[in-house]
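First the structure, in the form of structure tokens, and then the observations on it.
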Amino acid sequence: MSLTRTLTLIGTTLGLALAPLGQAVAAPCPHPSTYLVSRDPGVLPEGIAIDRDGTVYVSSSATGRLYRGRVAVPWMRPFAAQGVADRTRTLGVHTDRHGRVLSVGGATLTVHAPDGRLLSRLTAPDGPLGAPDLNDLVVTPDAVYVTDWANPFVLRAALDRDGRPGPLLPWLDLRPSLPQFPARYWLLNGIVATPDGATLLVASNGTEAVWRVDTATSAVSRLDLGDQSFGADGMVLAGRTLYAVLNYGAPSGVYVAELDPDLRGGTVTHRLTGAPFDSPTTLARHDCRLYVVNSQLEHGPGAPPYTVSAVPDPFC
């Protein structure tokens with residue numbers, strides 16, 4: 001019998017966990033609870049995305065820059081993304097199944113390779129209220145959907161077989177469906193989708209609500225959460241669980257709602273408010289933790305350091 005096999009049997013008998021010969025046994029290392037985005041003044045972090053491999057991307061609403069890090073490391077560094085030097089505002093950021101980085105700000109949607117190469121740059125046309133101010137995005141199997149903070153539109157860019165986006169065009173005008181929307185300050189914020197892309201949930205500070213959109217019919221209805229004011233900013237949808245950051249109309253923090261099977265209504269079951277959050281704007285979910293961006297927007301430009309806080313997912 002080989003020495004490796006003998007040691008394995010001994011370890012099994014004694015209840016020990018043995019690593020292969022020559023390999024050190026590392027003790028589990030907990031991930032940080034706070035991540036440093038930047039110590040530079042006036043950064044104002046806004047959006048966040050975490051790729052499946054644990055790479056973290058954070059955007060700046062004040063400089064347009066992107067920052068990159070890892071979930072196991074408590075600091076981030078500037079991400080050398082080509083073609084965003086003239087974009088002074090970057091808000092929503094997400095990754096797709098290929099690890100590409102999609103982000104929006106001002107009138108543009110950009111797609112970058114993980115090494116920072118610019119793959120696509122799309123410009124949205126002006127809306128009925130003027131120049132677009134793209135806020136957030138979601139990637140579905142066949143399209144990218146984008147919200148506009150300055151106009152009552154959800155925009156759409158179709159994806160080809162390789163995930164490359166086509167033109168970014170207005171897709172859904174919310175005014176005919178929702179005449180109760182305010183005349184200005186549409187405030188379309190976060191957007192999430194079911195895995196098949198059949199249903200979108202679109203958040204609006206302006207109406208303090210989340211709106212359900214059927215992508216096949218463009219039918220729009222209000223997500224029924226009872227009397228709960230739910231003007232979310234950033235959101236994450238995991239199955240029937242909706243994680244949302246609220247910073248307007250309710251105490252700032254993370255609110256979690258359990259939705260019904262057709263995503264037409266639900267109940268808010270958890271509220272995480274107060275410390276360690278500082279003007280949170282959005283969140284990402286990875287390995288049973290929620291990563292929440294501390295924007296400091298309520299007292300902007302705030303003061304360094306600018307951070308992301310990680311808290312346990314209450315549903316893990």
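Labels for the structure tokens follow display order: chains A, B, ..., residues from 1 in each chain, ligands from 1.
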Report as a tab-separated table: every residue of segment 103-215 of chain A with an atom at most 8 Å from segment 230-248 of chain A, its closest pair of atoms, and their distance in Å to one decimal, counting only C-alpha atoms, with rows sorted by chain and ascending residue number.
residue	atom	partner	partner_atom	distance
A:Asp136	CA	A:Gly234	CA	7.9
A:Asn189	CA	A:Asp233	CA	5.2
A:Gly190	CA	A:Gly234	CA	4.4
A:Ile191	CA	A:Met235	CA	6.7
A:Val192	CA	A:Leu237	CA	6.2
A:Ala193	CA	A:Leu237	CA	7.1
A:Thr194	CA	A:Leu237	CA	7.4
A:Ala203	CA	A:Ala232	CA	5.4
A:Ser204	CA	A:Gly231	CA	5.4
A:Asn205	CA	A:Gly231	CA	4.4
A:Gly206	CA	A:Gly231	CA	7.2
A:Thr207	CA	A:Gly231	CA	6.6
A:Glu208	CA	A:Gly231	CA	3.3
A:Ala209	CA	A:Gly231	CA	4.5
A:Val210	CA	A:Gly231	CA	6.5
Restricting the output to N, CA and C atoms, write the selected residues as a PDB file, in the first residue's frame.
ATOM      1  N   ASP A 136     -28.992  52.299 -14.427  1.00  0.00           N
ATOM      2  CA  ASP A 136     -28.678  50.915 -14.080  1.00  0.00           C
ATOM      3  C   ASP A 136     -29.011  50.034 -15.270  1.00  0.00           C
ATOM      4  N   ASN A 189     -34.494  53.860 -11.386  1.00  0.00           N
ATOM      5  CA  ASN A 189     -33.272  53.455 -10.699  1.00  0.00           C
ATOM      6  C   ASN A 189     -32.894  52.029 -11.064  1.00  0.00           C
ATOM      7  N   GLY A 190     -32.913  51.136 -10.076  1.00  0.00           N
ATOM      8  CA  GLY A 190     -32.455  49.779 -10.293  1.00  0.00           C
ATOM      9  C   GLY A 190     -33.356  48.991 -11.220  1.00  0.00           C
ATOM     10  N   ILE A 191     -32.783  47.960 -11.834  1.00  0.00           N
ATOM     11  CA  ILE A 191     -33.547  47.063 -12.705  1.00  0.00           C
ATOM     12  C   ILE A 191     -32.974  45.659 -12.576  1.00  0.00           C
ATOM     13  N   VAL A 192     -33.856  44.669 -12.450  1.00  0.00           N
ATOM     14  CA  VAL A 192     -33.461  43.266 -12.367  1.00  0.00           C
ATOM     15  C   VAL A 192     -34.384  42.464 -13.274  1.00  0.00           C
ATOM     16  N   ALA A 193     -34.007  41.212 -13.539  1.00  0.00           N
ATOM     17  CA  ALA A 193     -34.776  40.369 -14.444  1.00  0.00           C
ATOM     18  C   ALA A 193     -34.762  38.932 -13.961  1.00  0.00           C
ATOM     19  N   THR A 194     -35.783  38.187 -14.361  1.00  0.00           N
ATOM     20  CA  THR A 194     -35.767  36.747 -14.156  1.00  0.00           C
ATOM     21  C   THR A 194     -34.717  36.126 -15.072  1.00  0.00           C
ATOM     22  N   ALA A 203     -37.232  49.799 -10.516  1.00  0.00           N
ATOM     23  CA  ALA A 203     -37.434  50.622  -9.331  1.00  0.00           C
ATOM     24  C   ALA A 203     -37.539  52.090  -9.712  1.00  0.00           C
ATOM     25  N   SER A 204     -38.318  52.829  -8.925  1.00  0.00           N
ATOM     26  CA  SER A 204     -38.485  54.261  -9.172  1.00  0.00           C
ATOM     27  C   SER A 204     -38.585  54.996  -7.849  1.00  0.00           C
ATOM     28  N   ASN A 205     -37.565  55.829  -7.564  1.00  0.00           N
ATOM     29  CA  ASN A 205     -37.677  56.711  -6.399  1.00  0.00           C
ATOM     30  C   ASN A 205     -38.855  57.659  -6.556  1.00  0.00           C
ATOM     31  N   GLY A 206     -39.104  58.110  -7.778  1.00  0.00           N
ATOM     32  CA  GLY A 206     -40.135  59.123  -8.003  1.00  0.00           C
ATOM     33  C   GLY A 206     -41.524  58.686  -7.606  1.00  0.00           C
ATOM     34  N   THR A 207     -41.808  57.377  -7.694  1.00  0.00           N
ATOM     35  CA  THR A 207     -43.113  56.863  -7.288  1.00  0.00           C
ATOM     36  C   THR A 207     -43.029  56.022  -6.024  1.00  0.00           C
ATOM     37  N   GLU A 208     -41.825  55.902  -5.464  1.00  0.00           N
ATOM     38  CA  GLU A 208     -41.609  55.081  -4.276  1.00  0.00           C
ATOM     39  C   GLU A 208     -42.182  53.682  -4.464  1.00  0.00           C
ATOM     40  N   ALA A 209     -41.858  53.096  -5.624  1.00  0.00           N
ATOM     41  CA  ALA A 209     -42.427  51.797  -5.963  1.00  0.00           C
ATOM     42  C   ALA A 209     -41.488  51.038  -6.887  1.00  0.00           C
ATOM     43  N   VAL A 210     -41.784  49.737  -7.035  1.00  0.00           N
ATOM     44  CA  VAL A 210     -41.138  48.879  -8.013  1.00  0.00           C
ATOM     45  C   VAL A 210     -42.215  48.435  -8.993  1.00  0.00           C
TER      46      VAL A 210
END
Skipping near chain neighbours, those fewer than 2 positions away, what residues fall within 7 Å of segment 152-168 of chain A using only C-alpha atoms, listed as a list in words?
-> Leu122, Thr123, Ala124, Asp142, Ala143, Val144, Tyr145, Val146, Thr147, Asp148, Pro170, Trp171, Leu172, Asp173, Leu174, Arg175 and Trp186 of chain A
Dump as an mmCIF file, in the first residue's frame, selection limited to N, CA and C atoms:
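Ended up saving to out-v1.cif:
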data_model
loop_
_atom_site.group_PDB
_atom_site.id
_atom_site.type_symbol
_atom_site.label_atom_id
_atom_site.label_comp_id
_atom_site.auth_asym_id
_atom_site.auth_seq_id
_atom_site.Cartn_x
_atom_site.Cartn_y
_atom_site.Cartn_z
ATOM 1 N N LEU A 122 -21.916 52.272 -26.729
ATOM 2 C CA LEU A 122 -23.206 52.620 -27.311
ATOM 3 C C LEU A 122 -23.708 53.916 -26.692
ATOM 4 N N THR A 123 -24.316 54.759 -27.506
ATOM 5 C CA THR A 123 -24.850 56.038 -27.033
ATOM 6 C C THR A 123 -26.360 56.047 -27.180
ATOM 7 N N ALA A 124 -27.057 56.395 -26.106
ATOM 8 C CA ALA A 124 -28.515 56.471 -26.127
ATOM 9 C C ALA A 124 -28.957 57.808 -26.709
ATOM 10 N N ASP A 142 -31.038 37.577 -24.069
ATOM 11 C CA ASP A 142 -31.096 38.145 -25.418
ATOM 12 C C ASP A 142 -30.972 39.659 -25.484
ATOM 13 N N ALA A 143 -30.787 40.336 -24.350
ATOM 14 C CA ALA A 143 -30.759 41.799 -24.398
ATOM 15 C C ALA A 143 -30.131 42.379 -23.142
ATOM 16 N N VAL A 144 -29.760 43.646 -23.259
ATOM 17 C CA VAL A 144 -29.405 44.469 -22.105
ATOM 18 C C VAL A 144 -30.508 45.513 -21.956
ATOM 19 N N TYR A 145 -31.074 45.620 -20.754
ATOM 20 C CA TYR A 145 -32.095 46.632 -20.469
ATOM 21 C C TYR A 145 -31.483 47.676 -19.538
ATOM 22 N N VAL A 146 -31.778 48.959 -19.813
ATOM 23 C CA VAL A 146 -31.149 50.063 -19.106
ATOM 24 C C VAL A 146 -32.209 51.053 -18.655
ATOM 25 N N THR A 147 -32.091 51.548 -17.426
ATOM 26 C CA THR A 147 -33.002 52.591 -16.950
ATOM 27 C C THR A 147 -32.384 53.966 -17.166
ATOM 28 N N ASP A 148 -33.277 54.954 -17.320
ATOM 29 C CA ASP A 148 -32.876 56.340 -17.534
ATOM 30 C C ASP A 148 -33.414 57.170 -16.378
ATOM 31 N N PRO A 170 -34.655 53.423 -27.085
ATOM 32 C CA PRO A 170 -35.812 53.414 -26.184
ATOM 33 C C PRO A 170 -36.706 52.225 -26.519
ATOM 34 N N TRP A 171 -37.099 51.504 -25.477
ATOM 35 C CA TRP A 171 -37.903 50.303 -25.675
ATOM 36 C C TRP A 171 -39.281 50.414 -25.021
ATOM 37 N N LEU A 172 -39.338 50.998 -23.840
ATOM 38 C CA LEU A 172 -40.609 51.090 -23.118
ATOM 39 C C LEU A 172 -40.776 52.489 -22.563
ATOM 40 N N ASP A 173 -41.823 53.180 -23.030
ATOM 41 C CA ASP A 173 -42.198 54.492 -22.507
ATOM 42 C C ASP A 173 -43.224 54.253 -21.407
ATOM 43 N N LEU A 174 -42.892 54.614 -20.194
ATOM 44 C CA LEU A 174 -43.766 54.307 -19.059
ATOM 45 C C LEU A 174 -44.945 55.266 -18.919
ATOM 46 N N ARG A 175 -44.944 56.372 -19.622
ATOM 47 C CA ARG A 175 -46.000 57.368 -19.414
ATOM 48 C C ARG A 175 -47.394 56.859 -19.751
ATOM 49 N N TRP A 186 -38.375 61.539 -12.894
ATOM 50 C CA TRP A 186 -38.849 60.172 -13.085
ATOM 51 C C TRP A 186 -38.086 59.201 -12.193
#
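Separating atom CA of Ala150 of chain A from atom CA of Ala81 of chain A is a distance of 25.4 Å.
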Write down as a ChimeraX atom specification the residues of segment 80-267 of chain A whose backbone DSSP state falls under strand (DSSP E).
-> /A:93-95,101-105,108-112,118-123,134-139,143-148,153-158,169-173,188-193,199-204,209-214,220-222,232-238,241-246,253-259,266-267
Output file for the residues above (C-alpha atoms, as a compact mmCIF listing (two decimals), in the first residue's frame):
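Saved the output as result.txt:
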# COMPACT_ATOMS: atom_id res chain seq x y z
CA VAL A 93 -22.13 48.12 -13.49
CA HIS A 94 -22.66 44.41 -14.17
CA THR A 95 -20.80 41.43 -15.60
CA VAL A 101 -17.91 44.33 -17.69
CA LEU A 102 -20.92 46.41 -18.73
CA SER A 103 -21.43 49.86 -17.23
CA VAL A 104 -23.58 52.92 -17.84
CA GLY A 105 -23.29 56.61 -17.17
CA THR A 108 -23.32 55.73 -22.82
CA LEU A 109 -23.25 52.00 -22.26
CA THR A 110 -19.77 50.48 -22.44
CA VAL A 111 -18.63 46.86 -22.57
CA HIS A 112 -15.08 45.99 -21.46
CA LEU A 118 -13.12 48.49 -24.84
CA LEU A 119 -15.35 46.08 -26.77
CA SER A 120 -18.43 48.25 -27.35
CA ARG A 121 -19.55 51.80 -26.69
CA LEU A 122 -23.21 52.62 -27.31
CA THR A 123 -24.85 56.04 -27.03
CA LEU A 134 -28.44 56.18 -17.70
CA ASN A 135 -28.73 54.72 -14.23
CA ASP A 136 -28.68 50.91 -14.08
CA LEU A 137 -28.76 47.86 -16.33
CA VAL A 138 -29.52 44.16 -16.37
CA VAL A 139 -28.27 41.52 -18.79
CA ALA A 143 -30.76 41.80 -24.40
CA VAL A 144 -29.40 44.47 -22.10
CA TYR A 145 -32.09 46.63 -20.47
CA VAL A 146 -31.15 50.06 -19.11
CA THR A 147 -33.00 52.59 -16.95
CA ASP A 148 -32.88 56.34 -17.53
CA PHE A 153 -37.84 55.17 -20.58
CA VAL A 154 -36.40 51.72 -20.27
CA LEU A 155 -33.90 51.26 -23.09
CA ARG A 156 -32.88 48.00 -24.76
CA ALA A 157 -29.89 46.71 -26.73
CA ALA A 158 -30.37 43.31 -28.36
CA LEU A 169 -32.73 52.36 -28.18
CA PRO A 170 -35.81 53.41 -26.18
CA TRP A 171 -37.90 50.30 -25.68
CA LEU A 172 -40.61 51.09 -23.12
CA ASP A 173 -42.20 54.49 -22.51
CA LEU A 188 -35.86 55.27 -12.77
CA ASN A 189 -33.27 53.46 -10.70
CA GLY A 190 -32.45 49.78 -10.29
CA ILE A 191 -33.55 47.06 -12.70
CA VAL A 192 -33.46 43.27 -12.37
CA ALA A 193 -34.78 40.37 -14.44
CA THR A 199 -40.00 39.64 -16.42
CA LEU A 200 -38.30 42.86 -15.36
CA LEU A 201 -38.61 44.68 -12.07
CA VAL A 202 -37.90 48.42 -12.39
CA ALA A 203 -37.43 50.62 -9.33
CA SER A 204 -38.49 54.26 -9.17
CA ALA A 209 -42.43 51.80 -5.96
CA VAL A 210 -41.14 48.88 -8.01
CA TRP A 211 -42.84 48.17 -11.34
CA ARG A 212 -43.24 44.76 -12.98
CA VAL A 213 -42.75 44.60 -16.75
CA ASP A 214 -43.64 41.66 -18.99
CA VAL A 220 -46.67 47.18 -16.65
CA SER A 221 -48.05 46.77 -13.13
CA ARG A 222 -47.03 47.89 -9.68
CA ALA A 232 -35.68 51.22 -4.26
CA ASP A 233 -32.37 52.30 -5.74
CA GLY A 234 -30.25 49.21 -6.56
CA MET A 235 -31.74 45.71 -6.45
CA VAL A 236 -30.83 42.02 -6.72
CA LEU A 237 -33.34 39.28 -7.61
CA ALA A 238 -32.52 35.72 -6.52
CA THR A 241 -36.28 36.91 -3.13
CA LEU A 242 -35.85 40.61 -3.90
CA TYR A 243 -32.98 42.43 -2.19
CA ALA A 244 -33.25 46.20 -2.46
CA VAL A 245 -31.39 49.25 -1.18
CA LEU A 246 -33.66 52.06 -0.05
CA GLY A 253 -30.54 50.23 4.27
CA VAL A 254 -31.20 46.82 2.72
CA TYR A 255 -34.78 45.58 2.51
CA VAL A 256 -35.59 41.98 1.61
CA ALA A 257 -38.96 40.91 0.20
CA GLU A 258 -40.28 37.44 -0.49
CA LEU A 259 -42.34 37.56 -3.70
CA GLY A 266 -44.91 39.94 -1.79
CA THR A 267 -43.96 40.75 1.77
In terms of only C-alpha atoms, the residue from A:Pro141, A:Pro128, A:Ala284, A:Leu66 at minimal distance from Gly54 of chain A is A:Ala284
Using only C-alpha atoms, determine which residues lie at most 9 Å from Asp126 of chain A, disregarding the query and same-chain residues fewer than 5 positions distant; provide the list as a PyMOL selection string.
-> chain A and resi 107+131-132+151
Counting only C-alpha atoms, figure out which residue out of A:Leu283, A:Ala250, A:Val84, A:Ala216 gets nearest to Arg271 of chain A.
->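 The closest residue to Arg271 of chain A is A:Ala250.
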Looking at A:Gly99, A:Pro30, A:Pro125, A:Gly92, which one is nearest to Ala72 of chain A, with distances taken over only C-alpha atoms?
-> A:Pro30
With only C-alpha atoms as the basis for distance, which of A:Arg285, A:Glu298, A:Pro305, A:Leu225 is at the shortest distance from Leu263 of chain A?
->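 Smallest distance to Leu263 of chain A is found for A:Leu225.
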10 Å contact set for Val293 of chain A, only C-alpha atoms, chain neighbours under 4 positions out, as an MDAnalysis selection string = chainID A and resid 35 37 44:48 58:59 234 245 277:284 306:310
Keeping only N, CA and C atoms, write the selected residues as a CSV table (one decimal), in the first residue's frame.
chain,number,residue,atom,x,y,z
A,35,TYR,N,-14.6,47.0,2.6
A,35,TYR,CA,-13.7,47.0,1.5
A,35,TYR,C,-13.4,48.5,1.2
A,37,VAL,N,-12.6,51.2,-1.3
A,37,VAL,CA,-12.7,51.5,-2.7
A,37,VAL,C,-11.6,52.5,-3.1
A,44,LEU,N,-17.1,59.1,-4.5
A,44,LEU,CA,-18.6,58.8,-4.4
A,44,LEU,C,-18.9,57.5,-5.1
A,45,PRO,N,-18.6,56.4,-4.6
A,45,PRO,CA,-18.9,55.1,-5.2
A,45,PRO,C,-20.4,54.9,-5.4
A,46,GLU,N,-20.8,54.2,-6.4
A,46,GLU,CA,-22.3,54.1,-6.7
A,46,GLU,C,-22.7,52.7,-7.0
A,47,GLY,N,-22.2,52.1,-8.1
A,47,GLY,CA,-22.6,50.7,-8.5
A,47,GLY,C,-21.6,49.7,-8.1
A,48,ILE,N,-22.1,48.4,-8.1
A,48,ILE,CA,-21.2,47.3,-7.8
A,48,ILE,C,-21.7,46.0,-8.5
A,58,VAL,N,-16.6,48.3,-8.8
A,58,VAL,CA,-17.3,49.4,-8.2
A,58,VAL,C,-17.2,50.6,-9.1
A,59,SER,N,-18.3,51.3,-9.3
A,59,SER,CA,-18.2,52.5,-10.2
A,59,SER,C,-18.3,53.8,-9.3
A,234,GLY,N,-30.7,50.4,-6.0
A,234,GLY,CA,-30.3,49.2,-6.6
A,234,GLY,C,-31.0,48.0,-6.0
A,245,VAL,N,-31.9,48.2,-2.0
A,245,VAL,CA,-31.4,49.2,-1.2
A,245,VAL,C,-32.4,50.4,-1.3
A,277,PHE,N,-23.9,51.1,7.2
A,277,PHE,CA,-24.2,51.7,5.9
A,277,PHE,C,-24.1,53.2,6.0
A,278,ASP,N,-23.6,53.9,4.9
A,278,ASP,CA,-23.5,55.3,4.8
A,278,ASP,C,-24.0,55.7,3.5
A,279,SER,N,-25.3,56.2,3.4
A,279,SER,CA,-25.9,56.5,2.1
A,279,SER,C,-25.8,55.4,1.1
A,280,PRO,N,-26.3,54.2,1.4
A,280,PRO,CA,-26.1,53.1,0.5
A,280,PRO,C,-26.9,53.4,-0.8
A,281,THR,N,-26.4,52.9,-1.9
A,281,THR,CA,-27.0,53.1,-3.2
A,281,THR,C,-27.4,51.7,-3.9
A,282,THR,N,-26.6,50.7,-3.7
A,282,THR,CA,-26.9,49.4,-4.4
A,282,THR,C,-26.2,48.3,-3.7
A,283,LEU,N,-26.4,47.1,-4.2
A,283,LEU,CA,-25.7,46.0,-3.6
A,283,LEU,C,-25.5,44.9,-4.6
A,284,ALA,N,-24.6,43.9,-4.2
A,284,ALA,CA,-24.4,42.7,-4.9
A,284,ALA,C,-24.5,41.5,-4.0
A,306,TYR,N,-13.7,55.8,1.0
A,306,TYR,CA,-15.0,55.4,0.4
A,306,TYR,C,-15.0,53.9,0.4
A,307,THR,N,-16.1,53.3,0.9
A,307,THR,CA,-16.1,51.8,1.2
A,307,THR,C,-17.3,51.1,0.7
A,308,VAL,N,-17.2,49.8,0.7
A,308,VAL,CA,-18.3,48.8,0.5
A,308,VAL,C,-18.3,48.0,1.8
A,309,SER,N,-19.6,47.8,2.3
A,309,SER,CA,-19.8,47.0,3.5
A,309,SER,C,-20.3,45.7,3.1
A,310,ALA,N,-19.9,44.6,3.8
A,310,ALA,CA,-20.4,43.2,3.5
A,310,ALA,C,-21.1,42.8,4.8
Interatomic distance (Å, one decimal) between atom CA of Pro301 of chain A and atom CA of Thr88 of chain A = 14.4 Å
Go through A:Gly249, A:Asp313, A:Gly42, A:Leu297 one by one, measure the shortest atom-to-atom distance of each to Ser229 of chain A using only C-alpha atoms, and give the residue with the smallest value.
->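 Nearest candidate to Ser229 of chain A out of A:Gly249, A:Asp313, A:Gly42, A:Leu297: A:Gly249.
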Which of these, A:Met76, A:Ala198, A:Leu290, A:Val43, has the shortest distance to Val56 of chain A once you count only C-alpha atoms?
->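 Looking only at the distances to Val56 of chain A, the closest residue turns out to be A:Met76.
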For atom CA of His98 of chain A and atom CA of Leu36 of chain A, the interatomic separation in Å (one decimal) =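 Between these atoms lies a distance of 26.3 Å.
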Would you kindly return, as a VMD selection string, each protein, DNA or RNA residue with an atom no farther than 9 Å from any atom of Cys288 of chain A, considering only C-alpha atoms and excluding same-chain residues fewer than 4 positions away?
-> chain A and resid 311 to 316
Can you spit out the residues from that selection as a compact mmCIF listing (two decimals), in the first residue's frame, using N, CA and C atoms?
# COMPACT_ATOMS: atom_id res chain seq x y z
N VAL A 311 -22.31 42.24 4.58
CA VAL A 311 -23.11 41.72 5.70
C VAL A 311 -23.64 40.35 5.31
N PRO A 312 -23.95 39.50 6.29
CA PRO A 312 -24.49 38.19 5.96
C PRO A 312 -25.84 38.28 5.25
N ASP A 313 -26.05 37.41 4.30
CA ASP A 313 -27.34 37.28 3.63
C ASP A 313 -28.30 36.60 4.61
N PRO A 314 -29.41 37.23 4.96
CA PRO A 314 -30.30 36.62 5.95
C PRO A 314 -30.98 35.35 5.44
N PHE A 315 -30.88 35.06 4.15
CA PHE A 315 -31.53 33.86 3.61
C PHE A 315 -30.55 32.72 3.37
N CYS A 316 -29.32 32.84 3.89
CA CYS A 316 -28.36 31.73 3.75
C CYS A 316 -28.17 31.03 5.10
